[in-house]
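Peer 1: As input, take query_8.txt (compact mmCIF, C-alpha atoms):
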```txt
# COMPACT_ATOMS: atom_id res chain seq x y z
CA MET W 224 105.87 24.96 167.10
CA PRO W 225 108.36 25.67 164.28
CA SER W 226 108.37 29.40 164.90
CA ILE W 227 109.41 28.89 168.53
CA LEU W 228 112.14 26.45 167.47
CA LEU W 229 113.44 28.93 164.93
CA LEU W 230 113.45 31.69 167.51
CA GLY W 231 115.19 29.31 169.92
CA LEU W 232 117.93 28.56 167.40
CA LEU W 233 118.48 32.26 166.85
CA LEU W 234 118.73 32.88 170.56
CA CYS W 235 121.01 29.89 171.05
CA GLY W 236 123.30 31.35 168.44
CA HIS W 237 123.76 34.30 170.75
CA GLY W 238 124.02 32.19 173.87
CA TRP W 239 120.69 33.45 175.25
CA TRP W 240 118.64 30.27 175.31
CA THR W 241 117.27 29.83 178.83
CA ALA W 242 113.98 28.67 180.35
CA GLU W 243 112.98 32.32 180.77
CA GLY W 244 113.84 33.01 177.15
CA MET W 245 111.73 30.07 176.02
CA ALA W 246 108.73 31.36 177.99
CA TRP W 247 109.19 34.83 176.57
CA ALA W 248 109.35 33.41 173.04
CA GLU W 249 106.13 31.46 173.53
CA GLU W 250 104.41 34.64 174.75
CA LEU W 251 105.52 36.47 171.61
CA VAL W 252 104.22 33.95 169.11
CA SER W 253 101.17 32.59 170.95
CA PRO W 254 97.88 34.40 170.21
CA THR W 255 95.88 35.94 173.06
CA PRO W 256 93.17 33.47 174.12
CA VAL W 257 89.72 34.46 172.88
CA ARG W 258 86.70 33.68 175.01
CA LEU W 259 84.10 32.33 172.68
CA ASN W 260 81.27 32.99 175.14
CA THR W 261 81.92 36.74 175.57
CA GLN W 262 81.69 39.98 173.60
CA THR W 263 83.19 43.40 174.17
CA VAL W 264 81.72 46.83 174.88
CA GLY W 265 83.89 49.85 174.16
CA VAL W 266 84.26 53.47 173.20
CA LYS W 267 82.33 53.25 169.92
CA ASP W 268 79.36 51.62 171.62
CA PHE W 269 79.18 54.33 174.29
CA GLU W 270 79.60 57.12 171.75
CA ARG W 271 76.89 55.70 169.50
CA VAL W 272 74.24 55.33 172.22
CA ILE W 273 74.95 58.75 173.79
CA VAL W 274 74.78 60.59 170.45
CA SER W 275 71.58 58.72 169.63
CA GLU W 276 69.95 59.75 172.92
CA LEU W 277 71.09 63.38 172.66
CA THR W 278 69.73 63.55 169.13
CA ARG W 279 66.43 61.96 170.18
CA ARG W 280 65.92 64.48 172.97
CA TYR W 281 67.33 67.64 171.44
CA GLY W 282 67.82 66.93 167.75
CA ARG W 283 66.91 69.75 165.36
CA PRO W 284 67.49 70.39 161.67
CA HIS W 285 70.98 71.59 160.73
CA HIS W 286 72.56 70.03 163.89
CA GLN W 287 75.64 67.80 163.89
CA VAL W 288 76.04 66.22 167.33
CA SER W 289 79.12 64.25 168.41
CA PHE W 290 80.47 62.71 171.62
CA ARG W 291 84.10 61.74 172.33
CA VAL W 292 84.69 59.32 175.20
CA LEU W 293 87.45 60.29 177.62
CA PHE W 294 86.76 57.52 180.18
CA PRO W 295 86.65 54.53 180.16
CA LYS W 296 88.92 53.76 177.21
CA GLN W 297 89.47 50.04 177.76
CA LEU W 298 87.22 47.36 176.31
CA MET W 299 84.83 45.60 178.69
CA GLU W 300 83.93 41.92 178.40
CA VAL W 301 80.31 40.90 178.80
CA PRO W 302 78.53 37.62 178.06
CA LYS W 303 77.48 36.80 174.51
CA GLY W 304 73.93 37.74 173.60
CA LYS W 305 71.77 40.63 172.44
CA LEU W 306 73.55 43.74 173.69
CA HIS W 307 71.60 46.82 174.71
CA LEU W 308 72.90 50.07 176.23
CA GLU W 309 70.59 52.48 178.03
CA ILE W 310 71.26 56.03 179.23
CA GLY W 311 70.06 56.95 182.71
CA ALA W 312 68.85 60.35 183.88
CA TRP W 313 71.42 63.14 183.67
CA SER W 314 71.77 66.74 184.73
CA GLY W 315 72.82 69.62 182.50
CA GLY W 316 70.14 69.23 179.85
CA GLY W 317 71.48 69.84 176.34
CA ARG W 318 74.67 71.62 177.43
CA THR W 319 77.77 70.88 175.37
CA GLY W 320 81.31 70.46 176.70
CA ARG W 321 82.56 67.88 179.22
CA ARG W 322 79.71 65.71 180.47
CA ALA W 323 79.18 62.49 182.42
CA PHE W 324 76.52 59.89 181.55
CA ARG W 325 75.50 56.73 183.38
CA VAL W 326 75.15 53.93 180.84
CA GLY W 327 73.40 50.70 181.77
CA ILE W 328 74.60 47.52 180.04
CA PHE W 329 72.02 44.82 179.29
CA VAL W 330 72.49 41.44 177.59
CA ASN W 331 69.40 39.51 176.54
CA GLN W 332 67.34 42.08 178.49
CA GLN W 333 69.20 41.24 181.68
CA PHE W 334 70.89 44.13 183.50
CA LEU W 335 74.61 43.59 184.06
CA GLN W 336 76.11 46.85 185.32
CA THR W 337 76.16 50.65 185.09
CA VAL W 338 79.21 52.43 183.68
CA ASN W 339 80.02 56.10 184.32
CA VAL W 340 81.07 57.44 180.91
CA VAL W 341 82.85 60.81 180.78
CA GLY W 342 83.40 62.65 177.51
CA GLU W 343 83.02 65.78 175.40
CA VAL W 344 79.68 66.69 173.80
CA LYS W 345 80.00 68.86 170.73
CA ALA W 346 77.33 70.32 168.48
CA GLN W 347 77.79 72.20 165.28
CA VAL W 348 74.88 73.96 163.71
CA GLU W 349 74.23 75.88 160.51
CA VAL W 350 72.95 79.32 161.49
CA ALA W 351 71.82 82.54 159.85
CA THR W 352 74.42 85.33 160.01
CA PRO W 353 74.63 88.88 158.62
CA ILE W 354 77.15 89.58 155.86
CA ARG W 355 77.44 93.21 156.99
CA TRP W 356 76.80 95.30 160.09
CA LEU W 357 73.07 95.65 160.66
CA LYS W 358 71.92 98.68 162.63
CA PRO W 359 68.93 98.96 164.98
CA THR W 360 65.58 99.59 163.26
CA GLU W 361 66.85 98.17 159.95
CA VAL W 362 64.58 95.60 158.32
CA VAL W 363 66.56 92.55 157.20
CA THR W 364 66.52 91.45 153.56
CA VAL W 365 67.73 88.16 152.10
CA GLU W 366 70.70 89.99 150.57
CA ASP W 367 71.91 90.82 154.10
CA LEU W 368 72.26 87.17 155.10
CA SER W 369 74.32 84.03 154.68
CA SER W 370 74.66 80.68 156.47
CA MET W 371 77.66 79.29 158.33
CA MET W 372 78.54 76.42 160.69
CA VAL W 373 79.29 77.35 164.31
CA ASP W 374 79.85 75.52 167.60
CA ALA W 375 76.72 75.63 169.73
CA PRO W 376 77.00 76.19 173.53
CA SER W 377 73.91 74.04 173.99
CA LEU W 378 71.58 71.83 172.00
CA THR W 379 68.77 74.11 173.22
CA HIS W 380 70.32 77.33 171.87
CA ASP W 381 68.23 80.19 170.47
CA PHE W 382 70.23 80.73 167.28
CA ILE W 383 68.09 81.29 164.20
CA LEU W 384 68.68 78.50 161.69
CA ASP W 385 66.53 79.39 158.69
CA LEU W 386 67.08 82.54 156.69
CA ASP W 387 63.33 82.84 156.15
CA GLU W 388 62.90 83.43 159.89
CA VAL W 389 65.09 86.55 159.67
CA VAL W 390 63.95 88.17 156.43
CA GLY W 391 61.49 90.98 157.10
CA LYS W 392 62.38 91.28 160.79
CA GLN W 393 63.53 94.51 162.41
CA VAL W 394 66.95 94.68 164.11
CA LEU W 395 66.81 95.56 167.81
CA ARG W 396 70.55 96.04 168.41
CA PRO W 397 73.70 96.16 166.26
CA LEU W 398 74.43 92.81 164.59
CA PRO W 399 78.04 92.18 163.49
CA PRO W 400 78.78 90.18 160.35
CA SER W 401 79.56 86.44 160.57
CA GLN W 402 77.97 86.09 164.01
CA PRO W 403 74.93 83.92 164.84
CA ILE W 404 71.65 85.78 165.04
CA ARG W 405 69.58 85.04 168.15
CA LYS W 406 65.80 85.33 168.29
CA THR W 407 66.01 88.03 170.96
CA MET W 408 67.95 90.27 168.56
CA LEU W 409 64.99 90.73 166.20
CA ASP W 410 61.36 91.71 166.30
CA ASP W 411 58.50 92.21 163.90
CA PRO W 412 58.71 95.65 162.30
CA PRO W 413 55.87 98.09 163.00
CA MET W 414 53.09 98.07 160.44
CA ILE W 415 52.42 101.74 161.16
CA HIS W 416 55.00 104.40 162.00
CA LYS W 417 54.57 107.59 163.97
CA GLY W 418 53.24 110.31 161.68
CA ASP W 419 51.76 107.91 159.12
CA ARG W 420 48.41 108.81 157.60
CA VAL W 421 46.03 105.98 158.45
CA MET W 422 42.45 104.96 157.85
CA ILE W 423 40.44 104.90 161.07
CA GLU W 424 37.57 102.43 161.04
CA VAL W 425 34.76 102.35 163.58
CA ARG W 426 32.77 99.13 163.48
CA GLY W 427 29.55 98.24 165.19
CA GLU W 428 26.46 96.15 164.53
CA GLY W 429 25.75 96.80 160.87
CA LEU W 430 27.80 99.99 161.07
CA LEU W 431 31.10 100.96 159.42
CA VAL W 432 32.47 104.48 159.63
CA GLN W 433 35.81 105.42 158.07
CA THR W 434 37.85 108.58 158.40
CA VAL W 435 41.44 109.69 157.94
CA GLY W 436 43.80 110.12 160.88
CA VAL W 437 47.45 110.43 161.84
CA ALA W 438 49.31 107.83 163.94
CA LYS W 439 50.79 109.36 167.08
CA SER W 440 53.10 106.39 167.66
CA ALA W 441 54.37 103.29 165.86
CA GLY W 442 52.63 99.96 166.23
CA LYS W 443 52.68 96.32 165.13
CA ARG W 444 49.66 94.22 164.20
CA GLY W 445 47.40 93.82 167.23
CA GLU W 446 48.97 96.64 169.22
CA THR W 447 46.95 99.62 170.48
CA ILE W 448 48.21 103.06 169.45
CA PRO W 449 46.87 106.62 169.71
CA VAL W 450 45.60 108.17 166.47
CA LYS W 451 44.30 111.66 165.78
CA ASN W 452 41.14 112.09 163.78
CA GLN W 453 41.98 114.72 161.16
CA THR W 454 38.37 115.81 160.79
CA SER W 455 37.51 116.34 164.46
CA GLY W 456 41.03 116.80 165.84
CA ARG W 457 40.14 114.28 168.53
CA GLU W 458 42.71 111.70 169.67
CA VAL W 459 41.50 108.11 170.19
CA LEU W 460 43.02 104.68 170.81
CA GLY W 461 42.85 102.10 168.03
CA THR W 462 44.13 98.62 167.22
CA VAL W 463 46.56 98.16 164.33
CA MET W 464 44.89 95.79 161.86
CA ALA W 465 47.15 96.19 158.82
CA SER W 466 49.51 98.65 157.22
CA GLY W 467 47.69 101.99 157.26
CA LEU W 468 44.58 100.66 159.00
CA VAL W 469 43.51 101.22 162.62
CA GLU W 470 40.25 99.97 164.11
CA VAL W 471 38.52 101.88 166.90
CA GLY W 472 35.90 100.27 169.09
CA PHE W 473 32.33 101.58 168.83
```
Turn the structure described in the file into structure tokens.
Peer 2:
Amino acid sequence: MPSILLLGLLLCGHGWWTAEGMAWAEELVSPTPVRLNTQTVGVKDFERVIVSELTRRYGRPHHQVSFRVLFPKQLMEVPKGKLHLEIGAWSGGGRTGRRAFRVGIFVNQQFLQTVNVVGEVKAQVEVATPIRWLKPTEVVTVEDLSSMMVDAPSLTHDFILDLDEVVGKQVLRPLPPSQPIRKTMLDDPPMIHKGDRVMIEVRGEGLLVQTVGVAKSAGKRGETIPVKNQTSGREVLGTVMASGLVEVGF
């Protein structure tokens, strides 16, 4: 081994050449033995299978899911063959943050061992956000909105992702700019408002009677509201069918 001889000559020049020095020199220049009948499993393998399973279970459009392994960090040797990793049952659902997963290692469909993998789950998602303060009862327009990436507390969050799901909705509570909009913060606006003049329709078998009335309360499609018949002055209950139209049972 010329390299060892050269190193030995250098050490001899300094009066260091001993049996221990020779062994140390061989350790420096000799490559680590490689087992031809084994393969390794490591961080990247665990991260890949866990992200894949999280995405399969909870994946949604606009999501970017990642997992960073904290333990174990060292490579594991397993026999050569077709490697397969499988995630066992876990608690916590789609929660992000520090999580533990039990990963089964299989080679050629034979189970070898289970590894407890600890790491950080992170999910970023593109959400709909207001560009200005939106006040209760306001109806949202497309000009009020933009999109931005935020960290999600869970893969099963209730953030609204598509702007189309927000446009035309009524605000239930103040919405600050640049904050995710949740589904519980919006509702369908009423089709009829209190005091609106409406058409009252009475339908029966082969019968249709129409008259003008006044809505005594607001209502959305399908809701029942009181309306006052302007002709008779009588108040009745009717179902909101469309903007300005209430149907009363015969």
Peer 1: Counting all atoms listed in the file, write as a ChimeraX atom specification all protein and nucleic acid residues lying at most 12 Å from (46.4, 112.2, 163.1) in the file's frame.
Peer 2: /W:416-423,434-440,448-461,467,469
Peer 1: Each residue of segment 348-408 of chain W lying at most 6 Å from segment 302-322 of chain W should get a row with its shortest atom-to-atom pair and the distance in Å to one decimal, counting all atoms listed in the file; could you produce that, ordered by chain and increasing number, as CSV?
Peer 2:
```
residue,atom,partner,partner_atom,distance
W:Pro376,CA,W:Thr319,CA,5.7
W:Ser377,CA,W:Arg318,CA,4.3
W:Leu378,CA,W:Gly317,CA,4.8
W:Thr379,CA,W:Gly317,CA,5.9
```
Peer 1: I'd like the contact shell of Val288 of chain W - 9 Å cut-off, only C-alpha atoms, skipping same-chain residues fewer than 4 positions apart - returned as number ranges by chain.
Peer 2: W: 274, 277-278, 282, 344-348, 378
Peer 1: Would you kindly return, as a list in words, each protein, DNA or RNA residue with an atom no farther than 6 Å from any atom of segment 290-296 of chain W, considering only C-alpha atoms and excluding same-chain residues fewer than 4 positions away?
Peer 2: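 Listed by chain and then number, they are Glu270, Val340, Val341, Gly342, Glu343 and Val344 of chain W.
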Peer 1: Report, in Å with one decimal, the straight-line distance from atom CA of Ala465 of chain W to atom CA of Val425 of chain W.
Peer 2: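 Pair atom CA of Ala465 of chain W / atom CA of Val425 of chain W returns 14.6 Å.
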Peer 1: Identify which of the residues W:Ser370, W:Ser466, W:Thr360, W:Asn260 lies closest to Asp410 of chain W, counting only C-alpha atoms when measuring atom-to-atom distances.
Peer 2: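 When distances to Asp410 of chain W are compared using only C-alpha atoms, the smallest one comes from W:Thr360.
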Peer 1: Excluding same-chain residues fewer than 5 positions from Pro403 of chain W, what lies within 7 Å of it counting all atoms listed in the file, as an mmCIF file with C-alpha atoms, in the coordinates of the input?
Peer 2:
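Now in around17.cif:
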```cif
data_model
loop_
_atom_site.group_PDB
_atom_site.id
_atom_site.type_symbol
_atom_site.label_atom_id
_atom_site.label_comp_id
_atom_site.auth_asym_id
_atom_site.auth_seq_id
_atom_site.Cartn_x
_atom_site.Cartn_y
_atom_site.Cartn_z
ATOM 1 C CA VAL W 350 72.950 79.320 161.490
ATOM 2 C CA ALA W 351 71.820 82.540 159.850
ATOM 3 C CA THR W 352 74.420 85.330 160.010
ATOM 4 C CA PHE W 382 70.230 80.730 167.280
#
```
Peer 1: Determine the nearest neighbour of Gln287 of chain W from the options W:Val373, W:Val362, W:Leu398, W:Ile415, counting only C-alpha atoms.
Peer 2: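 Ranked by minimum distance to Gln287 of chain W, first place goes to W:Val373.
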Peer 1: Work out how far apart atom CA of Leu298 of chain W and atom CA of Arg280 of chain W are and give it in Å to one decimal.
Peer 2: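 Interatomic distance, atom CA of Leu298 of chain W to atom CA of Arg280 of chain W: 27.5 Å.
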Peer 1: Out of W:Leu259, W:Ala441, W:Leu368, W:Val338, which residue has the shortest atom-to-atom distance to Val326 of chain W when counting only C-alpha atoms?
Peer 2: W:Val338
Peer 1: Select all residues near (34.9, 97.7, 169.9) (cut-off 9 Å, inclusive, file coordinates), counting only C-alpha atoms, and output them as a ChimeraX atom specification.
Peer 2: /W:425-427,470-473
Peer 1: Please list as a PyMOL selection string every residue within 9 Å of Glu366 of chain W, counting all atoms listed in the file and excluding residues in the same chain fewer than 3 positions away.
Peer 2: chain W and resi 354+363+369
Peer 1: Write a file of the just-selected residues containing C-alpha atoms, as a compact mmCIF listing (two decimals), keeping the file's coordinate frame.
Peer 2:
```txt
# COMPACT_ATOMS: atom_id res chain seq x y z
CA ILE W 354 77.15 89.58 155.86
CA VAL W 363 66.56 92.55 157.20
CA SER W 369 74.32 84.03 154.68
```
Peer 1: Could you tell me how far atom CA of Leu431 of chain W lies from atom CA of Asp411 of chain W, in Å and to one decimal?
Peer 2: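 Atom-to-atom, atom CA of Leu431 of chain W and atom CA of Asp411 of chain W are spaced 29.1 Å apart.
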